[in-house]
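This is model.txt (compact mmCIF, C-alpha atoms).
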```txt
# COMPACT_ATOMS: atom_id res chain seq x y z
CA MET A 29 -50.78 -25.93 -47.18
CA ASN A 30 -51.31 -29.52 -46.04
CA GLU A 31 -54.09 -28.85 -43.55
CA LEU A 32 -55.66 -32.27 -44.11
CA THR A 33 -52.51 -34.22 -43.29
CA GLY A 34 -53.24 -37.30 -41.20
CA GLN A 35 -56.87 -37.45 -42.26
CA THR A 36 -58.59 -40.17 -44.26
CA ALA A 37 -61.14 -39.32 -46.93
CA LEU A 38 -63.57 -41.49 -48.86
CA VAL A 39 -64.69 -40.13 -52.23
CA THR A 40 -67.42 -42.15 -53.93
CA GLY A 41 -67.36 -42.35 -57.70
CA ALA A 42 -63.76 -41.15 -57.66
CA SER A 43 -62.34 -42.85 -60.73
CA ARG A 44 -63.20 -40.02 -63.10
CA GLY A 45 -64.86 -36.63 -63.54
CA VAL A 46 -65.73 -34.55 -60.51
CA GLY A 47 -64.90 -37.39 -58.11
CA ARG A 48 -61.42 -37.71 -59.51
CA GLY A 49 -60.90 -33.95 -59.20
CA VAL A 50 -62.08 -33.96 -55.59
CA ALA A 51 -59.88 -36.93 -54.66
CA LEU A 52 -56.78 -35.30 -56.12
CA VAL A 53 -57.34 -31.97 -54.37
CA LEU A 54 -57.94 -33.66 -51.01
CA ALA A 55 -54.67 -35.57 -51.46
CA GLU A 56 -52.92 -32.35 -52.44
CA LYS A 57 -54.09 -30.87 -49.14
CA GLY A 58 -52.64 -33.84 -47.25
CA ALA A 59 -55.38 -36.47 -46.95
CA ASP A 60 -55.09 -40.19 -47.61
CA VAL A 61 -57.90 -41.16 -49.98
CA VAL A 62 -60.13 -44.19 -50.48
CA VAL A 63 -60.96 -44.12 -54.19
CA ASN A 64 -64.34 -45.77 -54.61
CA HIS A 65 -65.39 -46.94 -58.05
CA LEU A 66 -68.21 -49.05 -59.42
CA SER A 67 -66.49 -51.18 -62.04
CA SER A 68 -63.39 -49.58 -63.52
CA GLU A 69 -60.17 -50.58 -61.80
CA ALA A 70 -58.38 -49.36 -64.92
CA GLU A 71 -59.65 -45.82 -64.31
CA ALA A 72 -59.28 -45.91 -60.51
CA GLU A 73 -55.65 -47.03 -60.46
CA PRO A 74 -54.22 -43.94 -62.23
CA VAL A 75 -56.04 -41.76 -59.70
CA CYS A 76 -54.43 -43.78 -56.91
CA GLU A 77 -51.03 -43.51 -58.55
CA ALA A 78 -51.36 -39.74 -58.75
CA ILE A 79 -52.28 -39.62 -55.05
CA ARG A 80 -49.34 -41.83 -54.10
CA ASP A 81 -47.02 -39.61 -56.12
CA MET A 82 -48.00 -36.84 -53.69
CA GLY A 83 -46.82 -39.00 -50.79
CA ARG A 84 -50.32 -39.97 -49.61
CA ARG A 85 -51.94 -43.35 -49.18
CA ALA A 86 -54.52 -44.35 -51.76
CA LEU A 87 -56.79 -47.37 -51.73
CA PRO A 88 -59.08 -48.28 -54.65
CA VAL A 89 -62.25 -50.06 -53.51
CA ARG A 90 -64.85 -51.41 -55.88
CA ALA A 91 -68.35 -51.04 -54.41
CA ASP A 92 -71.84 -50.24 -55.62
CA VAL A 93 -72.71 -47.59 -53.04
CA SER A 94 -76.42 -47.90 -53.81
CA ARG A 95 -76.40 -51.37 -52.21
CA GLU A 96 -76.05 -51.78 -48.47
CA GLU A 97 -74.01 -54.99 -48.60
CA ASP A 98 -71.39 -53.23 -50.72
CA VAL A 99 -71.38 -50.16 -48.46
CA ALA A 100 -70.95 -52.34 -45.38
CA ARG A 101 -67.99 -54.07 -46.98
CA LEU A 102 -66.52 -50.74 -48.06
CA PHE A 103 -66.59 -49.38 -44.52
CA GLU A 104 -65.22 -52.61 -43.08
CA THR A 105 -62.27 -52.18 -45.43
CA ILE A 106 -61.80 -48.57 -44.34
CA ARG A 107 -61.81 -49.54 -40.68
CA ALA A 108 -59.32 -52.34 -41.28
CA GLU A 109 -56.95 -50.25 -43.42
CA PHE A 110 -57.24 -46.80 -41.81
CA ASN A 111 -58.93 -47.40 -38.45
CA GLY A 112 -61.40 -44.59 -39.06
CA LEU A 113 -62.74 -42.00 -41.47
CA ASP A 114 -62.49 -38.22 -41.24
CA ILE A 115 -64.05 -37.08 -44.54
CA LEU A 116 -66.84 -38.49 -46.69
CA VAL A 117 -67.58 -36.99 -50.09
CA ASN A 118 -70.81 -38.36 -51.55
CA ASN A 119 -70.11 -37.86 -55.23
CA ALA A 120 -71.26 -41.05 -56.99
CA GLY A 121 -74.02 -40.31 -59.45
CA THR A 122 -75.48 -40.79 -62.89
CA THR A 123 -78.16 -39.43 -65.18
CA GLN A 124 -79.98 -40.33 -68.38
CA ALA A 125 -80.87 -38.18 -71.38
CA LYS A 126 -84.61 -38.72 -70.93
CA ASP A 127 -87.59 -36.58 -69.95
CA ILE A 128 -90.73 -37.64 -68.09
CA PHE A 129 -92.32 -39.04 -71.28
CA GLU A 130 -89.37 -41.42 -71.74
CA ILE A 131 -88.42 -42.23 -68.15
CA SER A 132 -89.70 -45.60 -66.96
CA LEU A 133 -90.18 -46.54 -63.33
CA ASP A 134 -87.04 -48.67 -63.59
CA ASP A 135 -85.13 -45.62 -64.84
CA TRP A 136 -86.48 -43.57 -61.94
CA ASP A 137 -85.53 -46.21 -59.38
CA TYR A 138 -82.05 -46.64 -60.88
CA VAL A 139 -81.15 -42.94 -60.79
CA LEU A 140 -82.62 -42.44 -57.30
CA ARG A 141 -80.72 -45.43 -55.91
CA THR A 142 -77.47 -44.39 -57.54
CA ASN A 143 -77.63 -40.70 -56.63
CA LEU A 144 -79.63 -40.48 -53.40
CA THR A 145 -79.87 -43.88 -51.72
CA SER A 146 -76.06 -43.97 -51.91
CA VAL A 147 -75.90 -40.70 -49.96
CA PHE A 148 -78.15 -42.14 -47.25
CA LEU A 149 -76.19 -45.39 -46.96
CA CYS A 150 -72.70 -43.92 -47.00
CA SER A 151 -73.67 -41.12 -44.62
CA LYS A 152 -75.23 -43.62 -42.21
CA TYR A 153 -72.12 -45.80 -42.09
CA ALA A 154 -69.77 -42.83 -41.99
CA MET A 155 -71.63 -41.08 -39.19
CA GLU A 156 -71.60 -44.24 -37.10
CA MET A 157 -67.82 -44.28 -37.49
CA MET A 158 -67.38 -40.52 -36.99
CA LYS A 159 -69.59 -40.62 -33.89
CA GLU A 160 -66.99 -42.82 -32.22
CA GLN A 161 -64.29 -40.19 -32.75
CA GLN A 162 -66.63 -37.20 -32.21
CA ALA A 163 -65.41 -35.56 -35.41
CA GLY A 164 -65.97 -35.71 -39.14
CA ARG A 165 -66.86 -33.83 -42.30
CA ILE A 166 -69.41 -34.92 -44.90
CA VAL A 167 -69.81 -33.12 -48.22
CA ASN A 168 -72.57 -34.02 -50.66
CA ILE A 169 -72.08 -33.21 -54.33
CA SER A 170 -75.42 -31.89 -55.55
CA SER A 171 -75.94 -29.79 -58.70
CA ILE A 172 -77.24 -26.51 -59.99
CA VAL A 173 -80.23 -28.46 -61.34
CA GLY A 174 -81.31 -29.16 -57.78
CA GLU A 175 -81.90 -25.43 -57.42
CA ARG A 176 -83.21 -24.40 -60.85
CA GLY A 177 -84.45 -27.67 -62.37
CA ALA A 178 -82.92 -29.78 -65.12
CA LEU A 179 -82.54 -28.09 -68.48
CA TYR A 180 -83.66 -31.02 -70.61
CA GLY A 181 -86.33 -32.61 -68.47
CA HIS A 182 -84.14 -35.07 -66.55
CA VAL A 183 -86.64 -35.06 -63.72
CA HIS A 184 -85.21 -38.12 -61.94
CA TYR A 185 -81.75 -36.50 -61.81
CA ALA A 186 -83.14 -33.16 -60.62
CA ALA A 187 -85.16 -34.90 -57.91
CA THR A 188 -82.07 -36.56 -56.48
CA LYS A 189 -80.04 -33.35 -56.49
CA SER A 190 -82.83 -31.42 -54.77
CA GLY A 191 -83.22 -34.27 -52.31
CA MET A 192 -79.61 -33.88 -51.25
CA PHE A 193 -80.40 -30.46 -49.79
CA GLY A 194 -82.95 -31.94 -47.41
CA VAL A 195 -80.59 -34.76 -46.44
CA THR A 196 -77.78 -32.27 -45.85
CA LYS A 197 -79.79 -29.92 -43.66
CA THR A 198 -81.20 -32.75 -41.58
CA LEU A 199 -77.92 -34.58 -41.06
CA ALA A 200 -76.19 -31.28 -40.25
CA GLN A 201 -78.46 -30.94 -37.24
CA THR A 202 -78.01 -34.59 -36.27
CA GLY A 203 -74.25 -34.45 -36.62
CA ALA A 204 -73.45 -31.13 -34.98
CA PRO A 205 -73.59 -32.39 -31.36
CA LEU A 206 -71.28 -35.23 -32.45
CA GLY A 207 -68.65 -32.95 -33.96
CA ILE A 208 -69.75 -33.80 -37.52
CA THR A 209 -70.51 -31.12 -40.11
CA VAL A 210 -72.55 -31.87 -43.22
CA ASN A 211 -72.60 -29.54 -46.21
CA CYS A 212 -73.33 -29.49 -49.94
CA VAL A 213 -71.49 -28.29 -53.02
CA ALA A 214 -73.68 -27.56 -56.06
CA PRO A 215 -71.60 -27.49 -59.25
CA GLY A 216 -72.81 -25.85 -62.43
CA ILE A 217 -71.50 -26.74 -65.87
CA ILE A 218 -68.37 -28.77 -65.14
CA ASP A 219 -66.34 -30.16 -68.02
CA THR A 220 -66.58 -33.92 -67.47
CA GLU A 221 -67.06 -37.03 -69.57
CA LEU A 222 -70.58 -37.47 -68.16
CA LEU A 223 -71.56 -33.95 -69.25
CA ARG A 224 -70.33 -34.49 -72.79
CA ASN A 225 -71.92 -37.94 -73.02
CA THR A 226 -75.35 -36.71 -71.92
CA HIS A 227 -75.39 -33.34 -73.69
CA GLY A 228 -73.01 -33.63 -76.65
CA ALA A 229 -70.15 -31.31 -77.55
CA GLU A 230 -72.31 -28.76 -79.37
CA ASP A 231 -74.79 -28.36 -76.50
CA VAL A 232 -71.93 -28.16 -73.98
CA GLU A 233 -70.41 -25.24 -75.88
CA LYS A 234 -73.79 -23.51 -76.03
CA LEU A 235 -74.19 -23.96 -72.29
CA ALA A 236 -70.68 -22.69 -71.62
CA SER A 237 -71.42 -19.51 -73.55
CA GLN A 238 -74.19 -18.68 -71.05
CA VAL A 239 -71.91 -18.94 -68.01
CA PRO A 240 -70.10 -15.71 -67.04
CA LEU A 241 -66.93 -17.61 -66.08
CA GLY A 242 -67.30 -20.33 -68.74
CA LEU A 243 -66.98 -24.06 -68.09
CA GLY A 244 -65.83 -25.13 -64.66
CA THR A 245 -63.35 -27.92 -63.94
CA PRO A 246 -63.39 -30.84 -61.50
CA ARG A 247 -60.57 -29.08 -59.64
CA ASP A 248 -62.84 -26.08 -59.03
CA VAL A 249 -65.27 -28.39 -57.24
CA GLY A 250 -62.45 -30.12 -55.36
CA LEU A 251 -61.14 -26.83 -53.99
CA SER A 252 -64.55 -25.99 -52.56
CA VAL A 253 -64.82 -29.44 -50.97
CA ALA A 254 -61.35 -29.09 -49.46
CA PHE A 255 -62.31 -25.70 -48.00
CA LEU A 256 -65.31 -27.23 -46.26
CA CYS A 257 -63.16 -30.08 -44.95
CA GLY A 258 -60.40 -27.79 -43.69
CA GLU A 259 -60.19 -25.09 -41.06
CA GLY A 260 -62.27 -22.72 -43.15
CA GLY A 261 -65.25 -25.04 -42.85
CA ARG A 262 -65.13 -25.41 -39.08
CA TYR A 263 -68.20 -23.24 -38.46
CA ILE A 264 -70.08 -23.98 -41.69
CA ASN A 265 -72.86 -26.53 -41.36
CA GLY A 266 -75.97 -27.43 -43.32
CA THR A 267 -75.27 -25.05 -46.17
CA THR A 268 -74.64 -25.26 -49.92
CA ILE A 269 -71.76 -23.66 -51.78
CA ASP A 270 -72.64 -22.87 -55.40
CA VAL A 271 -69.74 -23.54 -57.78
CA ASN A 272 -71.37 -22.45 -61.01
CA GLY A 273 -69.34 -19.55 -62.43
CA GLY A 274 -72.17 -17.10 -61.81
CA TRP A 275 -74.66 -18.94 -64.02
CA TYR A 276 -77.33 -19.14 -61.31
CA LEU A 277 -77.51 -16.59 -58.51
CA ARG A 278 -79.73 -16.99 -55.47
```
Go ahead and render the structure in this file as structure tokens.
Amino acid sequence: MNELTGQTALVTGASRGVGRGVALVLAEKGADVVVNHLSSEAEAEPVCEAIRDMGRRALPVRADVSREEDVARLFETIRAEFNGLDILVNNAGTTQAKDIFEISLDDWDYVLRTNLTSVFLCSKYAMEMMKEQQAGRIVNISSIVGERGALYGHVHYAATKSGMFGVTKTLAQTGAPLGITVNCVAPGIIDTELLRNTHGAEDVEKLASQVPLGLGTPRDVGLSVAFLCGEGGRYINGTTIDVNGGWYLR
């Protein structure tokens, strides 16, 4: 069902992993997609090609969404190419395999800017655009670690993912009178390149064995995002959908 036909979506960090999965599902449901990436045109272009093969428009845009000048340029491009934005998925993020004894202040600042400042900046520019049309959907990609803490002491990463919940609940109240809903998706153990790079294959398999439904996929996350952006999400606002295979129940 192409319930998102005619809508334009921006997915940050969409050239691989969860972002790629989200972008492809949104296109499958009918949306045109702006594929944001930080530095890899070579990875972003195949995502765009796959979207175009579905008959949708796809536009790769390089931008560091932790920096306001890049975000401003990104949204200027969206306005020029699509004349508006219906869906924002704040997915861009990173982590480091370090605990508090290893994390420097520079590390802390880097992860917070990448994961949380980007959410603030993109949401600000998106809501200004969505306010004009009195409609819009924002979905923030948080994490199970925002709810239960990071397994290996990645305190800077956990702080950003917990912070998203406060941002989501606040912006949900700000956006509701403007026709804008703001929600979160909190993935669990999703089989991505970032997961394997930060945890290693052996640890990933150990983690997967603890999850009742095993490893999740980027498509699993994308389907939840698409639900929130479609008719099913019309009356859902300020909440978090856990996509963790039953690993953490609350």
Could you list as a PDB file with C-alpha atoms, in the frame of the given file every residue that has an atom within 7 Å of (-56.8, -30.4, -54.4), using the file's coordinates and counting all atoms listed in the file?
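Saved result, out-v4.pdb, follows:
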```
ATOM      1  CA  VAL A  50     -62.080 -33.960 -55.590  1.00  0.00           C
ATOM      2  CA  LEU A  52     -56.780 -35.300 -56.120  1.00  0.00           C
ATOM      3  CA  VAL A  53     -57.340 -31.970 -54.370  1.00  0.00           C
ATOM      4  CA  LEU A  54     -57.940 -33.660 -51.010  1.00  0.00           C
ATOM      5  CA  ALA A  55     -54.670 -35.570 -51.460  1.00  0.00           C
ATOM      6  CA  GLU A  56     -52.920 -32.350 -52.440  1.00  0.00           C
ATOM      7  CA  LYS A  57     -54.090 -30.870 -49.140  1.00  0.00           C
ATOM      8  CA  ARG A 247     -60.570 -29.080 -59.640  1.00  0.00           C
ATOM      9  CA  GLY A 250     -62.450 -30.120 -55.360  1.00  0.00           C
ATOM     10  CA  LEU A 251     -61.140 -26.830 -53.990  1.00  0.00           C
ATOM     11  CA  ALA A 254     -61.350 -29.090 -49.460  1.00  0.00           C
TER      12      ALA A 254
END
```
*Go ahead and compute the interatomic distance for CA of Phe148 in chain A and CA of Tyr263 in chain A, in Å to one decimal.*
23.1 Å
*asked:* Report, in Å with one decimal, the straight-line distance from CA of Tyr185 in chain A to CA of Val139 in chain A.
replied: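 So the answer is 6.5 Å.
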*For the atom pair CA of Gly266 in chain A and CA of Val147 in chain A, what is the interatomic distance in Å to one decimal place?*
14.8 Å
Polymer residues at most 9 Å from range 126-136 of chain A, all atoms listed in the file, same-chain spacing of 4 or more positions, as a PDB file with C-alpha atoms, keeping the file's coordinate frame:
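Listing of out28.pdb after writing:
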```pdb
ATOM      1  CA  LEU A 140     -82.620 -42.440 -57.300  1.00  0.00           C
ATOM      2  CA  ARG A 141     -80.720 -45.430 -55.910  1.00  0.00           C
ATOM      3  CA  TYR A 180     -83.660 -31.020 -70.610  1.00  0.00           C
ATOM      4  CA  GLY A 181     -86.330 -32.610 -68.470  1.00  0.00           C
ATOM      5  CA  HIS A 182     -84.140 -35.070 -66.550  1.00  0.00           C
ATOM      6  CA  VAL A 183     -86.640 -35.060 -63.720  1.00  0.00           C
ATOM      7  CA  HIS A 184     -85.210 -38.120 -61.940  1.00  0.00           C
ATOM      8  CA  TYR A 185     -81.750 -36.500 -61.810  1.00  0.00           C
TER       9      TYR A 185
END
```
*Nearest residue to Ile217 in chain A from the set A:Ala37, A:Ile106, A:Val167, A:Leu241 (distances using all atoms listed in the file)*: A:Leu241
*asked:* For Thr267 in chain A, find every residue with an atom within 9 Å (counting all atoms listed in the file), except residues of its own chain fewer than 2 positions away, and show them as a PyMOL selection string.
replied: chain A and resi 193+196-197+200+210-213+264-265+269
*Extract, using all atoms listed in the file, all DNA, RNA and protein residues at most 6 Å from Val62 in chain A, discarding same-chain residues fewer than 6 positions from it, and format them as a list in words.*
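Listing them by chain and then by number gives Leu38, Ala86, Leu87 and Pro88 of chain A.
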Considering all atoms listed in the file, return as an mmCIF file with C-alpha atoms, in the frame of the given file whatever protein or nucleic-acid residues lie within 12 Å of range 59-61 of chain A, sequence-local ones (same chain, fewer than 6 positions apart) excluded.
```
data_model
loop_
_atom_site.group_PDB
_atom_site.id
_atom_site.type_symbol
_atom_site.label_atom_id
_atom_site.label_comp_id
_atom_site.auth_asym_id
_atom_site.auth_seq_id
_atom_site.Cartn_x
_atom_site.Cartn_y
_atom_site.Cartn_z
ATOM 1 C CA MET A 29 -50.780 -25.930 -47.180
ATOM 2 C CA ASN A 30 -51.310 -29.520 -46.040
ATOM 3 C CA GLU A 31 -54.090 -28.850 -43.550
ATOM 4 C CA LEU A 32 -55.660 -32.270 -44.110
ATOM 5 C CA THR A 33 -52.510 -34.220 -43.290
ATOM 6 C CA GLY A 34 -53.240 -37.300 -41.200
ATOM 7 C CA GLN A 35 -56.870 -37.450 -42.260
ATOM 8 C CA THR A 36 -58.590 -40.170 -44.260
ATOM 9 C CA ALA A 37 -61.140 -39.320 -46.930
ATOM 10 C CA LEU A 38 -63.570 -41.490 -48.860
ATOM 11 C CA VAL A 39 -64.690 -40.130 -52.230
ATOM 12 C CA THR A 40 -67.420 -42.150 -53.930
ATOM 13 C CA ALA A 42 -63.760 -41.150 -57.660
ATOM 14 C CA SER A 43 -62.340 -42.850 -60.730
ATOM 15 C CA GLY A 47 -64.900 -37.390 -58.110
ATOM 16 C CA ARG A 48 -61.420 -37.710 -59.510
ATOM 17 C CA VAL A 50 -62.080 -33.960 -55.590
ATOM 18 C CA ALA A 51 -59.880 -36.930 -54.660
ATOM 19 C CA LEU A 52 -56.780 -35.300 -56.120
ATOM 20 C CA VAL A 53 -57.340 -31.970 -54.370
ATOM 21 C CA ALA A 72 -59.280 -45.910 -60.510
ATOM 22 C CA VAL A 75 -56.040 -41.760 -59.700
ATOM 23 C CA CYS A 76 -54.430 -43.780 -56.910
ATOM 24 C CA GLU A 77 -51.030 -43.510 -58.550
ATOM 25 C CA ALA A 78 -51.360 -39.740 -58.750
ATOM 26 C CA ILE A 79 -52.280 -39.620 -55.050
ATOM 27 C CA ARG A 80 -49.340 -41.830 -54.100
ATOM 28 C CA ASP A 81 -47.020 -39.610 -56.120
ATOM 29 C CA MET A 82 -48.000 -36.840 -53.690
ATOM 30 C CA GLY A 83 -46.820 -39.000 -50.790
ATOM 31 C CA ARG A 84 -50.320 -39.970 -49.610
ATOM 32 C CA ARG A 85 -51.940 -43.350 -49.180
ATOM 33 C CA ALA A 86 -54.520 -44.350 -51.760
ATOM 34 C CA LEU A 87 -56.790 -47.370 -51.730
ATOM 35 C CA PRO A 88 -59.080 -48.280 -54.650
ATOM 36 C CA VAL A 89 -62.250 -50.060 -53.510
ATOM 37 C CA ILE A 106 -61.800 -48.570 -44.340
ATOM 38 C CA GLU A 109 -56.950 -50.250 -43.420
ATOM 39 C CA PHE A 110 -57.240 -46.800 -41.810
ATOM 40 C CA GLY A 112 -61.400 -44.590 -39.060
ATOM 41 C CA LEU A 113 -62.740 -42.000 -41.470
ATOM 42 C CA ASP A 114 -62.490 -38.220 -41.240
ATOM 43 C CA ILE A 115 -64.050 -37.080 -44.540
ATOM 44 C CA LEU A 116 -66.840 -38.490 -46.690
ATOM 45 C CA VAL A 117 -67.580 -36.990 -50.090
ATOM 46 C CA ALA A 254 -61.350 -29.090 -49.460
ATOM 47 C CA CYS A 257 -63.160 -30.080 -44.950
ATOM 48 C CA GLY A 258 -60.400 -27.790 -43.690
#
```
*asked:* List the spatial neighbours of Gly191 in chain A as a PyMOL selection string - criterion: any atom at most 9 Å away, all atoms listed in the file, same-chain residues fewer than 6 positions off excluded.
replied: chain A and resi 144+170+174
*Which of these residues is nearest to Met158 in chain A, using all atoms listed in the file: A:Arg107, A:Arg44, A:Arg278, A:Arg95?*
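Using all atoms listed in the file, the shortest distance to Met158 in chain A belongs to A:Arg107.
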_Distance criterion (only C-alpha atoms): nearest to Leu235 in chain A out of A:Leu179, A:Leu102, A:Ala154, A:Leu206_ =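 Comparing A:Leu179, A:Leu102, A:Ala154, A:Leu206 against Leu235 in chain A, the winner is A:Leu179.
Between Trp275 in chain A and the residues A:Ser252, A:Gln238, A:Thr202, A:Gln124, the shortest atom-to-atom distance, using all atoms listed in the file, involves A:Gln238.
Closest approach to Leu277 in chain A among A:Glu259, A:Ile172, A:Gly244, A:Glu97 is made by A:Ile172 (distances from only C-alpha atoms).
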Edge lengths and centre, in Å to one decimal, as AutoDock Vina command-line options: that's what I need for the box along x, y and z that holds all listed atoms of range 97-115 of chain A plus 5 Å on each side.
```
--center_x -65.5 --center_y -46.0 --center_z -44.6 --size_x 27.1 --size_y 27.9 --size_z 22.3
```
*Using only C-alpha atoms, pick whichever of A:Ala100, A:Ala236, A:Val253, A:Val271 has the shortest atom-to-atom distance to Leu149 in chain A.*
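Nearest candidate to Leu149 in chain A out of A:Ala100, A:Ala236, A:Val253, A:Val271: A:Ala100.
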